[in-house]
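Student: Please find my_file.cif (mmCIF, C-alpha atoms) on the next line:
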```cif
data_start
#
loop_
_atom_site.label_atom_id
_atom_site.label_comp_id
_atom_site.auth_asym_id
_atom_site.auth_seq_id
_atom_site.Cartn_x
_atom_site.Cartn_y
_atom_site.Cartn_z
CA MET A 444 79.31 114.50 73.47
CA GLU A 445 76.25 113.48 75.43
CA LYS A 446 76.76 112.64 79.08
CA THR A 447 74.81 110.50 81.52
CA ARG A 448 74.80 111.37 85.22
CA LEU A 449 75.43 108.33 87.41
CA GLY A 450 75.05 110.16 90.71
CA PRO A 451 78.23 110.51 92.77
CA GLU A 452 80.31 107.35 92.26
CA PRO A 453 83.92 106.72 93.32
CA ILE A 454 85.34 105.71 89.94
CA ILE A 455 88.98 105.79 88.99
CA VAL A 456 89.97 103.78 85.91
CA PRO A 457 92.19 101.81 86.18
CA MET A 458 92.96 100.90 89.79
CA PRO A 459 95.71 98.76 91.26
CA ALA A 460 94.98 95.61 93.28
CA LEU A 461 97.28 95.86 96.29
CA ILE A 462 97.68 93.72 99.39
CA VAL A 463 97.66 95.71 102.62
CA GLY A 464 99.13 93.99 105.66
CA ALA A 465 99.12 94.71 109.39
CA ASN A 466 99.69 92.74 112.55
CA VAL A 467 96.49 92.19 114.51
CA ASN A 468 97.06 90.76 117.97
CA GLU A 469 100.66 90.17 116.87
CA LYS A 470 99.70 88.00 113.88
CA PRO A 471 99.86 89.14 110.24
CA ASN A 472 96.57 89.87 108.54
CA PHE A 473 96.01 90.94 104.94
CA MET A 474 93.33 92.57 102.81
CA VAL A 475 93.10 93.59 99.16
CA ALA A 476 92.91 97.32 98.57
CA SER A 477 92.43 99.17 95.33
CA TRP A 478 91.48 102.46 97.00
CA CYS A 479 95.07 103.61 97.40
CA GLY A 480 96.98 106.59 96.04
CA ILE A 481 100.35 108.25 96.39
CA ALA A 482 100.03 111.15 98.85
CA GLY A 483 103.41 112.86 98.70
CA PHE A 484 106.93 112.81 97.32
CA LYS A 485 109.25 113.95 100.13
CA PRO A 486 108.52 112.23 102.37
CA PRO A 487 107.01 109.58 100.11
CA ALA A 488 103.52 108.80 101.36
CA ILE A 489 100.48 106.74 100.48
CA THR A 490 96.74 106.74 101.22
CA VAL A 491 94.62 103.67 101.87
CA ALA A 492 90.84 104.03 102.31
CA MET A 493 89.49 101.27 104.54
CA ASN A 494 85.99 100.37 105.62
CA LYS A 495 85.83 100.94 109.37
CA ALA A 496 84.88 97.31 110.00
CA ARG A 497 88.15 95.99 108.53
CA HIS A 498 90.17 93.68 110.74
CA THR A 499 93.39 94.98 109.14
CA LEU A 500 92.45 98.49 110.26
CA LYS A 501 92.43 97.27 113.85
CA GLY A 502 96.06 96.22 113.43
CA ILE A 503 97.02 99.53 111.85
CA LYS A 504 95.57 101.33 114.86
CA GLU A 505 97.35 98.95 117.26
CA ASN A 506 100.83 99.39 115.80
CA GLY A 507 100.74 102.56 113.72
CA THR A 508 102.37 100.55 110.94
CA PHE A 509 101.30 98.65 107.82
CA SER A 510 102.53 97.35 104.49
CA VAL A 511 101.33 97.84 100.94
CA ASN A 512 102.39 95.08 98.57
CA VAL A 513 102.10 94.85 94.77
CA PRO A 514 101.18 91.28 93.81
CA SER A 515 101.74 89.60 90.45
CA CYS A 516 98.89 88.16 88.38
CA GLY A 517 99.96 84.65 89.39
CA MET A 518 99.07 85.44 93.01
CA ILE A 519 95.51 86.50 92.25
CA LYS A 520 93.86 83.55 93.98
CA LYS A 521 95.60 84.36 97.26
CA ALA A 522 94.93 88.07 96.88
CA ASP A 523 91.27 87.49 96.11
CA TYR A 524 90.95 85.12 99.09
CA CYS A 525 92.25 87.92 101.32
CA GLY A 526 89.70 90.29 99.81
CA ILE A 527 86.77 87.93 100.39
CA TYR A 528 87.34 86.60 103.91
CA SER A 529 87.82 88.68 107.04
CA GLY A 530 90.61 87.97 109.48
CA LYS A 531 87.91 88.00 112.15
CA LYS A 532 86.76 84.61 110.89
CA ARG A 533 89.74 83.12 109.05
CA ASP A 534 93.36 83.16 110.15
CA LYS A 535 95.23 84.59 107.14
CA SER A 536 98.62 84.74 108.85
CA GLN A 537 99.95 81.77 106.85
CA VAL A 538 98.59 82.71 103.43
CA PHE A 539 101.88 84.40 102.54
CA LYS A 540 105.46 84.09 103.67
CA THR A 541 106.16 87.38 105.47
CA PHE A 542 109.21 89.36 106.51
CA TYR A 543 109.74 92.46 108.64
CA GLY A 544 111.78 95.59 108.07
CA GLU A 545 112.91 98.41 110.28
CA LEU A 546 109.48 99.16 111.73
CA LYS A 547 109.38 95.57 113.08
CA THR A 548 105.56 95.37 113.09
CA ALA A 549 104.54 95.81 109.42
CA PRO A 550 104.29 92.35 107.81
CA LEU A 551 105.66 92.46 104.24
CA VAL A 552 104.70 89.82 101.69
CA GLU A 553 107.82 88.08 100.43
CA GLU A 554 106.34 86.74 97.20
CA CYS A 555 105.00 90.17 96.18
CA PRO A 556 107.41 91.85 93.73
CA ILE A 557 107.18 95.26 95.41
CA ASN A 558 106.68 96.06 99.11
CA LEU A 559 106.14 99.41 100.80
CA GLU A 560 106.80 99.56 104.54
CA CYS A 561 104.69 102.32 106.07
CA LYS A 562 104.04 104.16 109.31
CA VAL A 563 100.85 106.11 109.95
CA LEU A 564 101.14 109.88 109.58
CA HIS A 565 97.46 110.81 109.65
CA SER A 566 94.10 109.12 109.76
CA LEU A 567 90.98 110.92 108.60
CA ASP A 568 87.42 109.95 109.37
CA MET A 569 85.58 109.72 106.04
CA LYS A 570 82.32 108.42 107.61
CA THR A 571 82.02 104.88 106.14
CA HIS A 572 85.80 104.67 105.73
CA MET A 573 89.00 105.68 107.46
CA LEU A 574 91.59 107.29 105.23
CA ILE A 575 94.98 106.13 106.43
CA ILE A 576 97.90 108.25 105.27
CA GLY A 577 101.24 106.56 105.76
CA GLU A 578 104.83 107.57 105.25
CA ILE A 579 106.72 105.03 103.15
CA VAL A 580 109.88 104.35 105.16
CA GLU A 581 111.34 101.68 102.88
CA THR A 582 110.60 100.14 99.48
CA TYR A 583 111.66 96.59 98.65
CA VAL A 584 111.78 94.90 95.26
CA SER A 585 112.28 91.20 94.56
CA LYS A 586 115.64 90.81 92.87
CA ASP A 587 114.15 88.56 90.21
CA CYS A 588 111.90 91.45 89.13
CA LEU A 589 114.83 93.70 88.29
CA THR A 590 116.59 94.06 84.93
CA ASP A 591 119.83 96.04 84.98
CA GLY A 592 118.95 97.22 88.48
CA LYS A 593 115.57 98.68 87.47
CA ILE A 594 112.06 97.42 88.12
CA ASP A 595 111.00 95.33 85.11
CA THR A 596 107.25 95.76 84.62
CA LYS A 597 106.95 92.52 82.63
CA LYS A 598 108.53 90.57 85.46
CA VAL A 599 106.32 92.26 88.05
CA ASP A 600 103.22 91.38 85.94
CA PRO A 601 100.79 93.36 88.13
CA PRO A 602 97.02 92.91 87.99
CA VAL A 603 94.97 95.91 86.85
CA TYR A 604 91.59 96.22 88.55
CA ILE A 605 88.42 97.51 86.94
CA ARG A 606 85.80 98.09 89.60
CA SER A 607 82.79 98.62 87.35
CA THR A 608 83.10 95.09 85.94
CA LEU A 609 84.85 93.43 88.92
CA LYS A 610 87.56 92.08 86.61
CA TYR A 611 91.32 91.80 86.83
CA HIS A 612 93.16 92.61 83.61
CA ARG A 613 96.77 92.11 82.63
CA LEU A 614 98.81 95.13 81.69
CA GLY A 615 98.58 95.65 77.91
CA GLU A 616 101.16 96.90 75.45
CA VAL A 617 103.00 100.22 75.71
CA PHE A 618 101.49 102.75 73.31
CA SER A 619 103.17 106.01 74.33
CA SER A 620 105.89 107.54 76.46
CA ALA A 621 104.90 109.91 79.24
CA PHE A 622 106.35 113.42 79.22
CA GLY A 623 107.17 113.00 75.55
CA VAL A 624 104.29 112.73 73.10
CA GLY A 625 102.78 116.05 74.20
CA ARG A 626 106.04 117.99 73.98
CA ALA A 627 105.98 121.14 71.85
CA ASP A 628 108.95 123.16 73.04
CA GLY A 629 109.43 126.29 70.97
CA ASP A 630 106.06 125.89 69.24
CA THR A 631 104.43 129.24 69.92
CA ARG A 632 101.05 128.46 68.34
CA ASP A 633 98.09 128.17 70.63
CA PRO A 634 97.72 124.73 72.28
CA ALA A 635 94.49 123.91 70.43
CA THR A 636 96.31 124.27 67.10
CA ILE A 637 99.35 122.33 68.22
CA LEU A 638 97.21 119.52 69.56
CA SER A 639 94.84 119.33 66.62
CA SER A 640 97.72 117.99 64.53
CA ASN A 641 97.68 114.23 64.16
CA MET A 642 99.22 111.70 66.51
CA SER A 643 102.14 110.80 64.28
CA GLY A 644 104.43 112.21 66.92
CA ILE A 645 103.80 109.32 69.30
CA SER A 646 107.11 108.00 70.45
CA ILE A 647 107.56 104.82 72.41
CA MET B 1382 113.00 85.44 97.57
CA GLU B 1383 115.82 87.92 97.73
CA LYS B 1384 114.88 91.57 98.09
CA THR B 1385 116.65 94.79 97.17
CA ARG B 1386 116.03 97.95 99.20
CA LEU B 1387 115.40 100.97 97.00
CA GLY B 1388 115.10 103.46 99.85
CA PRO B 1389 111.63 104.94 100.38
CA GLU B 1390 109.99 105.34 96.98
CA PRO B 1391 106.35 106.17 96.19
CA ILE B 1392 105.56 103.21 93.95
CA ILE B 1393 102.10 101.90 93.16
CA VAL B 1394 101.78 99.65 90.12
CA PRO B 1395 99.77 100.36 88.06
CA MET B 1396 98.58 103.93 88.27
CA PRO B 1397 95.87 105.79 86.36
CA ALA B 1398 96.62 108.83 84.19
CA LEU B 1399 93.90 111.31 85.08
CA ILE B 1400 93.25 114.89 84.05
CA VAL B 1401 92.60 117.23 86.97
CA GLY B 1402 90.89 120.50 86.15
CA ALA B 1403 90.28 123.73 88.05
CA ASN B 1404 89.44 127.30 87.18
CA VAL B 1405 92.35 129.66 87.77
CA ASN B 1406 91.43 133.33 87.51
CA GLU B 1407 88.11 132.13 86.06
CA LYS B 1408 89.73 130.19 83.20
CA PRO B 1409 89.98 126.38 83.03
CA ASN B 1410 93.39 124.87 83.64
CA PHE B 1411 94.37 121.21 83.52
CA MET B 1412 97.15 118.93 84.73
CA VAL B 1413 97.81 115.20 84.53
CA ALA B 1414 97.71 113.38 87.85
CA SER B 1415 98.47 109.77 88.58
CA TRP B 1416 98.81 110.28 92.33
CA CYS B 1417 95.11 109.89 93.01
CA GLY B 1418 93.12 107.39 95.04
CA ILE B 1419 89.57 106.79 96.22
CA ALA B 1420 89.23 108.12 99.77
CA GLY B 1421 85.75 107.05 100.82
CA PHE B 1422 82.49 105.42 99.79
CA LYS B 1423 79.67 107.41 101.44
CA PRO B 1424 80.24 110.16 100.70
CA PRO B 1425 82.35 109.12 97.69
CA ALA B 1426 85.67 110.92 97.91
CA ILE B 1427 89.01 111.12 96.13
CA THR B 1428 92.57 112.19 96.93
CA VAL B 1429 94.88 114.09 94.60
CA ALA B 1430 98.50 114.76 95.63
CA MET B 1431 99.77 117.94 93.99
CA ASN B 1432 103.15 119.61 94.03
CA LYS B 1433 102.70 122.93 95.83
CA ALA B 1434 103.92 124.88 92.78
CA ARG B 1435 101.05 123.62 90.59
CA HIS B 1436 98.98 126.27 88.86
CA THR B 1437 95.92 124.00 89.07
CA LEU B 1438 96.31 123.94 92.86
CA LYS B 1439 95.93 127.71 92.90
CA GLY B 1440 92.53 127.29 91.26
CA ILE B 1441 91.46 124.57 93.68
CA LYS B 1442 92.26 126.92 96.55
CA GLU B 1443 90.40 129.79 94.86
CA ASN B 1444 87.16 127.92 94.29
CA GLY B 1445 87.25 124.88 96.56
CA THR B 1446 86.24 122.81 93.54
CA PHE B 1447 87.96 120.68 90.90
CA SER B 1448 87.35 117.90 88.40
CA VAL B 1449 89.01 114.53 87.87
CA ASN B 1450 88.61 113.17 84.36
CA VAL B 1451 89.48 109.74 82.93
CA PRO B 1452 90.89 110.18 79.41
CA SER B 1453 91.00 107.56 76.67
CA CYS B 1454 94.25 106.42 75.05
CA GLY B 1455 93.41 108.46 71.96
CA MET B 1456 93.69 111.66 74.03
CA ILE B 1457 97.19 110.94 75.28
CA LYS B 1458 98.86 113.76 73.34
CA LYS B 1459 96.59 116.37 74.93
CA ALA B 1460 96.92 114.78 78.35
CA ASP B 1461 100.69 114.65 78.09
CA TYR B 1462 100.81 118.29 76.93
CA CYS B 1463 98.91 119.26 80.08
CA GLY B 1464 101.40 117.30 82.16
CA ILE B 1465 104.44 118.96 80.59
CA TYR B 1466 103.50 122.65 80.42
CA SER B 1467 102.35 124.81 83.32
CA GLY B 1468 99.33 127.03 83.07
CA LYS B 1469 101.59 129.79 84.37
CA LYS B 1470 103.25 129.90 80.95
CA ARG B 1471 100.73 128.39 78.53
CA ASP B 1472 97.01 129.02 78.38
CA LYS B 1473 95.46 125.53 78.46
CA SER B 1474 91.87 126.74 78.67
CA GLN B 1475 91.17 125.76 75.03
CA VAL B 1476 92.91 122.38 74.98
CA PHE B 1477 89.63 120.63 75.79
CA LYS B 1478 85.97 121.42 75.35
CA THR B 1479 84.68 121.88 78.88
CA PHE B 1480 81.33 121.85 80.64
CA TYR B 1481 80.17 122.71 84.14
CA GLY B 1482 77.91 120.89 86.57
CA GLU B 1483 76.19 121.86 89.77
CA LEU B 1484 79.28 123.30 91.45
CA LYS B 1485 79.55 125.81 88.57
CA THR B 1486 83.33 126.30 88.94
CA ALA B 1487 84.82 122.82 88.30
CA PRO B 1488 85.67 122.54 84.57
CA LEU B 1489 84.82 119.04 83.30
CA VAL B 1490 86.41 117.67 80.13
CA GLU B 1491 83.71 116.78 77.65
CA GLU B 1492 85.78 114.38 75.54
CA CYS B 1493 86.89 112.37 78.60
CA PRO B 1494 84.71 109.26 79.00
CA ILE B 1495 84.34 109.67 82.78
CA ASN B 1496 84.21 112.90 84.82
CA LEU B 1497 84.14 113.37 88.57
CA GLU B 1498 82.93 116.73 89.84
CA CYS B 1499 84.49 117.43 93.24
CA LYS B 1500 84.46 119.89 96.12
CA VAL B 1501 87.29 120.14 98.61
CA LEU B 1502 86.68 118.46 101.97
CA HIS B 1503 90.20 118.58 103.40
CA SER B 1504 93.67 119.61 102.35
CA LEU B 1505 96.71 118.22 104.11
CA ASP B 1506 100.21 119.65 103.99
CA MET B 1507 102.53 116.80 102.93
CA LYS B 1508 105.65 119.05 102.72
CA THR B 1509 106.52 118.94 98.99
CA HIS B 1510 102.88 118.25 98.10
CA MET B 1511 99.37 119.18 99.15
CA LEU B 1512 97.00 116.27 99.53
CA ILE B 1513 93.59 117.44 98.34
CA ILE B 1514 90.68 115.33 99.51
CA GLY B 1515 87.50 116.02 97.61
CA GLU B 1516 83.94 114.82 97.85
CA ILE B 1517 82.65 113.56 94.50
CA VAL B 1518 79.32 115.34 94.07
CA GLU B 1519 78.50 113.98 90.61
CA THR B 1520 79.87 111.42 88.17
CA TYR B 1521 79.33 111.76 84.42
CA VAL B 1522 79.88 109.17 81.70
CA SER B 1523 79.87 109.75 77.96
CA LYS B 1524 76.85 107.97 76.54
CA ASP B 1525 78.93 106.41 73.78
CA CYS B 1526 81.02 104.64 76.46
CA LEU B 1527 78.02 102.77 77.84
CA THR B 1528 76.75 99.34 76.81
CA ASP B 1529 73.35 98.36 78.20
CA GLY B 1530 73.58 101.31 80.58
CA LYS B 1531 76.91 100.20 82.11
CA ILE B 1532 80.39 101.62 81.67
CA ASP B 1533 82.10 99.64 78.89
CA THR B 1534 85.80 99.42 79.67
CA LYS B 1535 86.74 98.72 76.04
CA LYS B 1536 84.96 101.87 74.91
CA VAL B 1537 86.58 103.94 77.68
CA ASP B 1538 90.03 102.60 76.61
CA PRO B 1539 91.90 104.21 79.54
CA PRO B 1540 95.68 104.62 79.63
CA VAL B 1541 97.54 102.73 82.36
CA TYR B 1542 100.59 104.56 83.69
CA ILE B 1543 103.81 102.93 84.85
CA ARG B 1544 105.93 105.47 86.63
CA SER B 1545 109.19 103.52 86.85
CA THR B 1546 109.44 103.39 83.03
CA LEU B 1547 107.45 106.56 82.21
CA LYS B 1548 105.26 104.60 79.80
CA TYR B 1549 101.56 104.52 79.05
CA HIS B 1550 100.14 101.04 78.48
CA ARG B 1551 96.79 99.91 77.16
CA LEU B 1552 94.61 97.78 79.36
CA GLY B 1553 95.32 94.11 78.63
CA GLU B 1554 93.00 91.12 78.61
CA VAL B 1555 90.82 90.01 81.52
CA PHE B 1556 92.42 87.06 83.31
CA SER B 1557 90.27 86.72 86.43
CA SER B 1558 87.12 87.89 88.16
CA ALA B 1559 87.46 89.77 91.43
CA PHE B 1560 85.68 88.37 94.49
CA GLY B 1561 85.44 85.02 92.78
CA VAL B 1562 88.66 83.12 92.14
CA GLY B 1563 89.63 83.16 95.81
CA ARG B 1564 86.26 81.93 97.08
CA ALA B 1565 86.31 78.86 99.32
CA ASP B 1566 83.01 78.95 101.17
CA GLY B 1567 82.54 75.89 103.34
CA ASP B 1568 86.16 74.77 102.88
CA THR B 1569 87.31 74.38 106.47
CA ARG B 1570 90.94 73.55 105.69
CA ASP B 1571 93.55 76.12 106.62
CA PRO B 1572 94.02 78.87 104.01
CA ALA B 1573 97.55 77.77 103.12
CA THR B 1574 96.22 74.33 102.09
CA ILE B 1575 93.25 75.75 100.21
CA LEU B 1576 95.46 78.19 98.34
CA SER B 1577 98.25 75.76 97.54
CA SER B 1578 95.86 73.98 95.17
CA ASN B 1579 96.34 74.93 91.55
CA MET B 1580 94.77 77.86 89.75
CA SER B 1581 92.32 75.76 87.74
CA GLY B 1582 89.51 77.50 89.58
CA ILE B 1583 90.07 80.79 87.77
CA SER B 1584 86.78 82.00 86.41
CA ILE B 1585 86.40 84.87 84.04
#
```
Spell out the structure here as structure tokens.
Tutor:
Amino acid sequence: MEKTRLGPEPIIVPMPALIVGANVNEKPNFMVASWCGIAGFKPPAITVAMNKARHTLKGIKENGTFSVNVPSCGMIKKADYCGIYSGKKRDKSQVFKTFYGELKTAPLVEECPINLECKVLHSLDMKTHMLIIGEIVETYVSKDCLTDGKIDTKKVDPPVYIRSTLKYHRLGEVFSSAFGVGRADGDTRDPATILSSNMSGISI
Amino acid sequence: MEKTRLGPEPIIVPMPALIVGANVNEKPNFMVASWCGIAGFKPPAITVAMNKARHTLKGIKENGTFSVNVPSCGMIKKADYCGIYSGKKRDKSQVFKTFYGELKTAPLVEECPINLECKVLHSLDMKTHMLIIGEIVETYVSKDCLTDGKIDTKKVDPPVYIRSTLKYHRLGEVFSSAFGVGRADGDTRDPATILSSNMSGISI
């Protein structure tokens, strides 16, 4: 398969479109962040890469706390607004209804289906960006996004961000289970042989 | 909106399903990783959170290099196999056709539409996991996934991972542009008023 070199580009496909919140001068401020990743399991932790000029970053430094919120597709206008305009010039404290948890200073977005309340564990200087690594101290889910006590992906309806085209997609249909379709317990053939068989084993 | 506390849980929705590769004892080994995030812009950088027991992690420590590869949905059986079985027990060096770039020791997956070639910048001890932060030194795209020289998302056809249900989804339809639908240049009303207007402004 022929390859083209693009030069070094930060491309992960797909990305989430998350709303990161922090109090700046004691008022909530929000930005959109897709450069986030889970950083650990116990304790649960998350990374957020932020341009050093970000107003939200100022609040994270002030308090050592922040929130990461999963919006639904229906909130995209508000999310996008927060991604376009800086809190230095526009007061975004009233864009969302907010609530606070045990950290007291991390503004959580009530209308977002999922909220992570975080405290800073590390921050790394990545030249143009700061990499904030936060411990997740509590996770909240909107009750109307649960079915039988579990998070219902259809009810959450999260946007999926593609950076190369600057588009938000909806989540498409399920096509495979994880930790299932590749299972070959007891099959002692070499992996290339096992995996060259067709995909009829896909189980949803 | 009523909220339920789940306790601290590492939830980002959605997540990618990426294939991370490293040479272990000079042979390619691969794992599936969804706990990845972009960590910086210049230089472009990426995080991968890895359980400390991972065989691939051993290779990253050996060489200080690794790859992150975006698979297509059609490769899910191979990807899932790499996520289920450890390289300690199964030789995964022949699961994919691999190639090497300038770092010489980071095995890149030829059949994956997008490949990031990385060298380790930092590694952070996150207790159960190591957080590997790598500089992306080159990005490769399969030529048959380009249209007019740009990455064509439909041709890439990346899986979208939902951890709470352990399902792989396809990417759904575009429903909004990023950095567009929330634009309100010159509108001097307060953000809550601007954003309470309906969503008729959505532009794709």
Student: Can you pull out every residue within 10 Å of Gly526 of chain A, counting only C-alpha atoms, but drop anything in the same chain fewer than 5 positions away, and send it as a ChimeraX atom specification?
Tutor: /A:460,462,473-476,520-521 /B:1559-1561,1563-1564
Student: Please dump the current selection as an mmCIF file, in the coordinates of the input; keep C-alpha atoms.
Tutor:
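Result file selection-v2.cif:
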```
data_model
loop_
_atom_site.group_PDB
_atom_site.id
_atom_site.type_symbol
_atom_site.label_atom_id
_atom_site.label_comp_id
_atom_site.auth_asym_id
_atom_site.auth_seq_id
_atom_site.Cartn_x
_atom_site.Cartn_y
_atom_site.Cartn_z
ATOM 1 C CA ALA A 460 94.980 95.610 93.280
ATOM 2 C CA ILE A 462 97.680 93.720 99.390
ATOM 3 C CA PHE A 473 96.010 90.940 104.940
ATOM 4 C CA MET A 474 93.330 92.570 102.810
ATOM 5 C CA VAL A 475 93.100 93.590 99.160
ATOM 6 C CA ALA A 476 92.910 97.320 98.570
ATOM 7 C CA LYS A 520 93.860 83.550 93.980
ATOM 8 C CA LYS A 521 95.600 84.360 97.260
ATOM 9 C CA ALA B 1559 87.460 89.770 91.430
ATOM 10 C CA PHE B 1560 85.680 88.370 94.490
ATOM 11 C CA GLY B 1561 85.440 85.020 92.780
ATOM 12 C CA GLY B 1563 89.630 83.160 95.810
ATOM 13 C CA ARG B 1564 86.260 81.930 97.080
#
```
Student: Neighbours of segment 533-541 of chain A within 12 Å (only C-alpha atoms; same-chain residues fewer than 5 positions away dropped), as a PyMOL selection string?
Tutor: (chain A and resi 462+464-474+498-499+510+512+514+518+520-528+547-555+558) or (chain B and resi 1382+1563+1565-1577)
Student: Looking at all atoms listed in the file, which of A:Asp600, A:Asp595, A:Asp568, A:Glu581 is the one that sits closest to chain B?
Tutor: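 The answer is A:Glu581, which sits nearest to chain B.
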Student: Restricting the calculation to all atoms listed in the file: of A:Phe509, A:Trp478, A:Tyr543, A:Tyr604, which residue gets closest to chain B?
Tutor: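 Nearest to chain B: A:Trp478.
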Student: Select, counting all atoms listed in the file, all protein, DNA and RNA residues no farther than 7 Å from (96.8, 97.6, 93.5) in file coordinates, and express the selection as a list in words.
Tutor: Met458, Pro459, Ala460, Leu461, Ala476, Ser477 and Val513 of chain A; Ile1393, Val1394 and Pro1395 of chain B
Student: Leaving out segment 489-496 of chain A and any residue of its chain fewer than 2 positions from it, which residues lie within 10 Å of it when counting only C-alpha atoms, given as a count of residues only?
Tutor: 55
Student: Could you check the closest approach to chain A for each of B:Leu1387, B:Leu1484, B:Ile1441, B:Cys1526 and tell me which residue wins, using all atoms listed in the file?
Tutor: B:Leu1387
Student: From the list B:Ser1523, B:Val1537, B:Asp1529, B:Gly1445, which residue is nearest chain A when using only C-alpha atoms?
Tutor: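 Answer, going by the shortest atom-to-atom distance: B:Ser1523.
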Student: Tell me which residues the PyMOL selection byres ((chain B and resi 1550) around 12) grabs here, as number ranges by chain.
Tutor: A: 457, 596-597, 603, 613-621, 647; B: 1394-1398, 1453-1455, 1457, 1538-1544, 1546-1549, 1551-1553
Student: Atom CA of Glu560 of chain A to atom CA of Lys1423 of chain B: how many Å, to one decimal?
Tutor: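 According to the coordinates, atom CA of Glu560 of chain A and atom CA of Lys1423 of chain B are separated by 28.4 Å.
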Student: Can you work out which one of A:Arg448, A:Lys531, A:Lys504, A:Lys593 has the shortest atom-to-atom distance to chain B, counting all atoms listed in the file?
Tutor: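 Of A:Arg448, A:Lys531, A:Lys504, A:Lys593, the one nearest chain B, counting all atoms listed in the file, is A:Arg448.
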Student: At what distance in Å, to one decimal, does atom CA of Asn506 of chain A lie from atom CA of Thr1385 of chain B?
Tutor: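 Computed distance, atom CA of Thr1385 of chain B to atom CA of Asn506 of chain A, equals 24.9 Å.
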Student: Can you work out which one of B:Lys1536, B:Glu1383, B:Pro1494, B:Gly1440 has the shortest atom-to-atom distance to Val584 of chain A, counting only C-alpha atoms?
Tutor: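 Among B:Lys1536, B:Glu1383, B:Pro1494, B:Gly1440, it is B:Glu1383 that comes nearest to Val584 of chain A.
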Student: Kindly reconstruct segment 446-450 of chain A with all heavy atoms and present the result as a short mmCIF file (atom, residue, chain, number, x, y, z; two decimals), keeping the file's coordinate frame.
Tutor:
```
data_model
loop_
_atom_site.label_atom_id
_atom_site.label_comp_id
_atom_site.auth_asym_id
_atom_site.auth_seq_id
_atom_site.Cartn_x
_atom_site.Cartn_y
_atom_site.Cartn_z
N LYS A 446 76.33 113.23 77.81
CA LYS A 446 76.76 112.64 79.08
C LYS A 446 75.55 112.09 79.85
O LYS A 446 74.45 112.64 79.78
CB LYS A 446 77.42 113.72 79.95
CG LYS A 446 78.73 114.27 79.37
CD LYS A 446 79.88 113.32 79.63
CE LYS A 446 81.18 113.88 79.04
NZ LYS A 446 82.32 112.95 79.28
N THR A 447 75.80 111.03 80.59
CA THR A 447 74.81 110.50 81.52
C THR A 447 75.30 110.75 82.93
O THR A 447 76.49 110.55 83.21
CB THR A 447 74.65 108.97 81.31
OG1 THR A 447 74.16 108.75 80.01
CG2 THR A 447 73.71 108.36 82.33
N ARG A 448 74.43 111.21 83.81
CA ARG A 448 74.80 111.37 85.22
C ARG A 448 74.56 110.05 85.94
O ARG A 448 73.46 109.48 85.85
CB ARG A 448 73.90 112.42 85.88
CG ARG A 448 74.20 113.85 85.47
CD ARG A 448 73.13 114.77 86.04
NE ARG A 448 73.41 116.15 85.71
CZ ARG A 448 73.63 117.11 86.63
NH1 ARG A 448 73.56 116.83 87.92
NH2 ARG A 448 73.89 118.34 86.27
N LEU A 449 75.57 109.59 86.65
CA LEU A 449 75.43 108.33 87.41
C LEU A 449 75.08 108.58 88.86
O LEU A 449 74.87 107.65 89.62
CB LEU A 449 76.75 107.54 87.38
CG LEU A 449 77.26 107.04 86.03
CD1 LEU A 449 78.49 106.17 86.25
CD2 LEU A 449 76.19 106.25 85.29
N GLY A 450 75.03 109.86 89.28
CA GLY A 450 75.05 110.16 90.71
C GLY A 450 76.50 110.05 91.15
O GLY A 450 77.35 109.55 90.42
#
```
